[in-house]
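So the structure is just underneath, and the comments pick up after that.
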Amino acid sequence: MPLDLSVNNKALSQLNMESSHELQTYIQSLLKKHNKKVAIGGYLEERNLYQRSTHFNSGQKEARNIHLGVDLWVDAGTAVLAAFEGKVHSFNYNNNYGDYGPTILLEHQLDEQHFHTLYGHLSLESLNHLEIGQIIGQEDRIGWIGNTEVNGDYPPHLHFQLIWDLQGMEGDYPGVCTKSELEFYKMNCPDPMKILV
C-alpha cells in the first residue's frame with residue numbers, strides 16, 4: 001500500500017509526531033483499512049517527521065527533511081533479504097535519536113554498474129556474525145526489522161536506499177537531505193521503487 005508521510009498529508013497534523021506509538025497506530029490503521037501487510041513509499045518526500053530530532057537539525061541553517069530512500073513499514077522481526085548479489089561493505093549501530101539504528105551497507109557489481117544498497121532500522125541481532133567482504137547472495141537474509149527501542153524511535157520499518165558513491169563513508173550514509181543538497185542526492189541516490197515494483 002502506498003503511504004504518504006509528506007508535509008502534504010493533512011492527517012499527520014493531527015498526530016503527535018514526537019510519539020512513535022501514534023505514528024505506528026496511524027500506519028497500522030491504514031493497513032487494516034486497506035487489507036494490506038506492507039506500507040511503502042517516501043522517496044524524495046519532504047517530511048516534518050525529522051523536526052523532532054536534533055540529529056537532523058542541530059546547528060544547521062537549513063533543515064534536513066527530504067527522504068532519500070524508500071520505507072517499507074512492516075512488523076518488527078520481519079526478515080530482510082538482499083535485493084542483489086554482492087558483499088558486505090560495512091555495518092554500524094547508528095544510535096542517535098531519530099537515526100537508522102542498526103544499518104548494513106552492501107556493495108554490488110552488476111555488469112558494468114557498481115553501486116551500494118543501504119538497509120536501515122534493523123534489529124541489533126542483524127549485525128551479529130557479519131564480516132566486511134562477506135559474500136551475500138540475492139535474496140539471502142541479511143537481517144530483521146528492528147523494534148522502536150533500537151531503530152531510532154520509529155515504528156518498525158526498513159529504510160532501503162540505492163547509492164552510487166558512498167563518498168568514503170562506512171556503516172552510514174545520509175538518508176535525509178536539505179533542499180539545497182537535493183540535486184546532488186537525486187543523482188547519487190536513484191529511486192529504489194524502480195527495482196522494488
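Scheme for the C-alpha cells: letters A, B, ... for chains in order shown; per-chain residue numbers from 1; ligand numbers from 1 in order shown.
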Return as a Markdown table the residues of region 120-151 of chain A lying at most 7 Å from region 72-90 of chain A, together with the closest atom-to-atom pair for each and the distance in Å to one decimal, counting only C-alpha atoms, with rows in chain order and ascending residue number.
| residue | atom | partner | partner_atom | distance |
| --- | --- | --- | --- | --- |
| A:Glu131 | CA | A:Val88 | CA | 6.8 |
| A:Ile132 | CA | A:Val88 | CA | 5.2 |
| A:Gly133 | CA | A:Val88 | CA | 5.0 |
| A:Gln134 | CA | A:Lys87 | CA | 5.2 |
| A:Ile135 | CA | A:Lys87 | CA | 4.3 |
| A:Ile136 | CA | A:Lys87 | CA | 5.2 |
| A:Gly137 | CA | A:Glu85 | CA | 4.4 |
| A:Gln138 | CA | A:Glu85 | CA | 4.2 |
| A:Glu139 | CA | A:Ala82 | CA | 4.7 |
| A:Asp140 | CA | A:Leu81 | CA | 5.3 |
| A:Arg141 | CA | A:Leu81 | CA | 4.3 |
| A:Ile142 | CA | A:Leu81 | CA | 5.7 |
| A:Gly143 | CA | A:Val80 | CA | 5.2 |
| A:Trp144 | CA | A:Ala79 | CA | 4.4 |
| A:Ile145 | CA | A:Ala76 | CA | 4.8 |
| A:Gly146 | CA | A:Ala76 | CA | 5.3 |
| A:Asn147 | CA | A:Ala76 | CA | 5.3 |
Store the residues of this selection in a file with C-alpha atoms, as a PDB file, in the first residue's frame.
ATOM      1  CA  GLU A 131      32.119  -9.662   8.249  1.00  0.00           C
ATOM      2  CA  ILE A 132      33.403  -6.996   5.891  1.00  0.00           C
ATOM      3  CA  GLY A 133      33.698  -8.553   2.435  1.00  0.00           C
ATOM      4  CA  GLN A 134      31.295 -11.391   3.254  1.00  0.00           C
ATOM      5  CA  ILE A 135      29.588 -12.612   0.076  1.00  0.00           C
ATOM      6  CA  ILE A 136      25.813 -12.163   0.033  1.00  0.00           C
ATOM      7  CA  GLY A 137      23.546 -13.860  -2.492  1.00  0.00           C
ATOM      8  CA  GLN A 138      20.473 -12.210  -3.961  1.00  0.00           C
ATOM      9  CA  GLU A 139      17.546 -12.823  -1.590  1.00  0.00           C
ATOM     10  CA  ASP A 140      19.828 -14.044   1.213  1.00  0.00           C
ATOM     11  CA  ARG A 141      18.508 -12.989   4.599  1.00  0.00           C
ATOM     12  CA  ILE A 142      20.768 -10.240   5.902  1.00  0.00           C
ATOM     13  CA  GLY A 143      18.753  -9.306   8.987  1.00  0.00           C
ATOM     14  CA  TRP A 144      15.421  -8.493  10.544  1.00  0.00           C
ATOM     15  CA  ILE A 145      13.351  -5.351  11.078  1.00  0.00           C
ATOM     16  CA  GLY A 146      14.166  -3.738  14.429  1.00  0.00           C
ATOM     17  CA  ASN A 147      11.778  -2.508  17.081  1.00  0.00           C
TER      18      ASN A 147
END
Report, in Å to a single decimal, how far apart CA of His116 (chain A) and CA of Leu166 (chain A) are.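 Value for the CA of Leu166 (chain A)-CA of His116 (chain A) distance: 7.7 Å.
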With distances taken over only C-alpha atoms, which of A:Asp165, A:Asp153, A:Asp191, A:Glu22 is nearest to Leu44 (chain A)?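 Residue with the minimum atom-to-atom distance to Leu44 (chain A): A:Asp191.
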Minimum-distance residue to Tyr154 (chain A), chosen among A:Tyr93, A:Tyr26, A:Tyr185, A:Tyr100 (using only C-alpha atoms):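 Of A:Tyr93, A:Tyr26, A:Tyr185, A:Tyr100, the one nearest Tyr154 (chain A), counting only C-alpha atoms, is A:Tyr100.
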With the cut-off set at 12 Å and counting only C-alpha atoms, tabulate each residue of region 102-188 of chain A with an atom at most that distance from an atom of region 37-41 of chain A, showing the nearest atom pair and its distance in Å to one decimal, ordered by chain and increasing number, as CSV.
residue,atom,partner,partner_atom,distance
A:Pro155,CA,A:Ala39,CA,11.8
A:Pro156,CA,A:Val38,CA,11.1
A:His157,CA,A:Ala39,CA,9.1
A:Leu158,CA,A:Ile40,CA,9.5
A:His159,CA,A:Gly41,CA,9.8
A:Phe160,CA,A:Gly41,CA,10.2
A:Gln161,CA,A:Gly41,CA,11.6
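Residues in contact range of Met187 (chain A), defined as at most 10 Å between only C-alpha atoms, with sequence neighbours fewer than 3 positions away removed, read A:Ile163, A:Trp164, A:Asp165, A:Leu182, A:Glu183, A:Phe184, A:Pro190, A:Asp191.
The environment of Phe91 (chain A) within 9 Å, counting only C-alpha atoms and disregarding residues fewer than 4 places along the same chain, consists of Pro102, Thr103, Ile104, Leu105, Leu106, Leu127, Leu130, Glu131, Ile132, Glu170, Gly171 and Asp172 of chain A.
Straight-line separation from CA of Asn8 (chain A) to CA of Met193 (chain A): 20.2 Å.
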Can you tell me, as a VMD selection string, which residues in chain A count as alpha helix (DSSP H) by DSSP? chain A and resid 20 to 33 54 to 57 182 to 188 193 to 196
Neighbour list for Ala11 (chain A) as a list in words, cut-off 12 Å, only C-alpha atoms, skip fewer than 3 positions in-chain: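 These residues fall inside the cut-off: Leu3, Asp4, Leu5, Ser6, Val7, Asn8, Gln14, Leu15, Asn16, Met17, Glu22, Leu23, Tyr26, Ile27 and Leu30 of chain A.
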Please, what distance in Å, to one decimal, runs between CA of Ile195 (chain A) and CA of Asn48 (chain A)?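 It comes out at 26.7 Å.
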Would you give me, as an NGL selection string, the residues in chain A that DSSP reads as strand (DSSP E)? :A and (39-41 or 66-67 or 70-73 or 79-81 or 86-94 or 101-110 or 113-120 or 135-136 or 141-144 or 158-163 or 176-177)
Within 8 Å of Asn96 (chain A), counting only C-alpha atoms, which residues show up once you throw out same-chain ones fewer than 3 positions away? Write them as a ChimeraX atom specification, please. /A:55,99-101,152
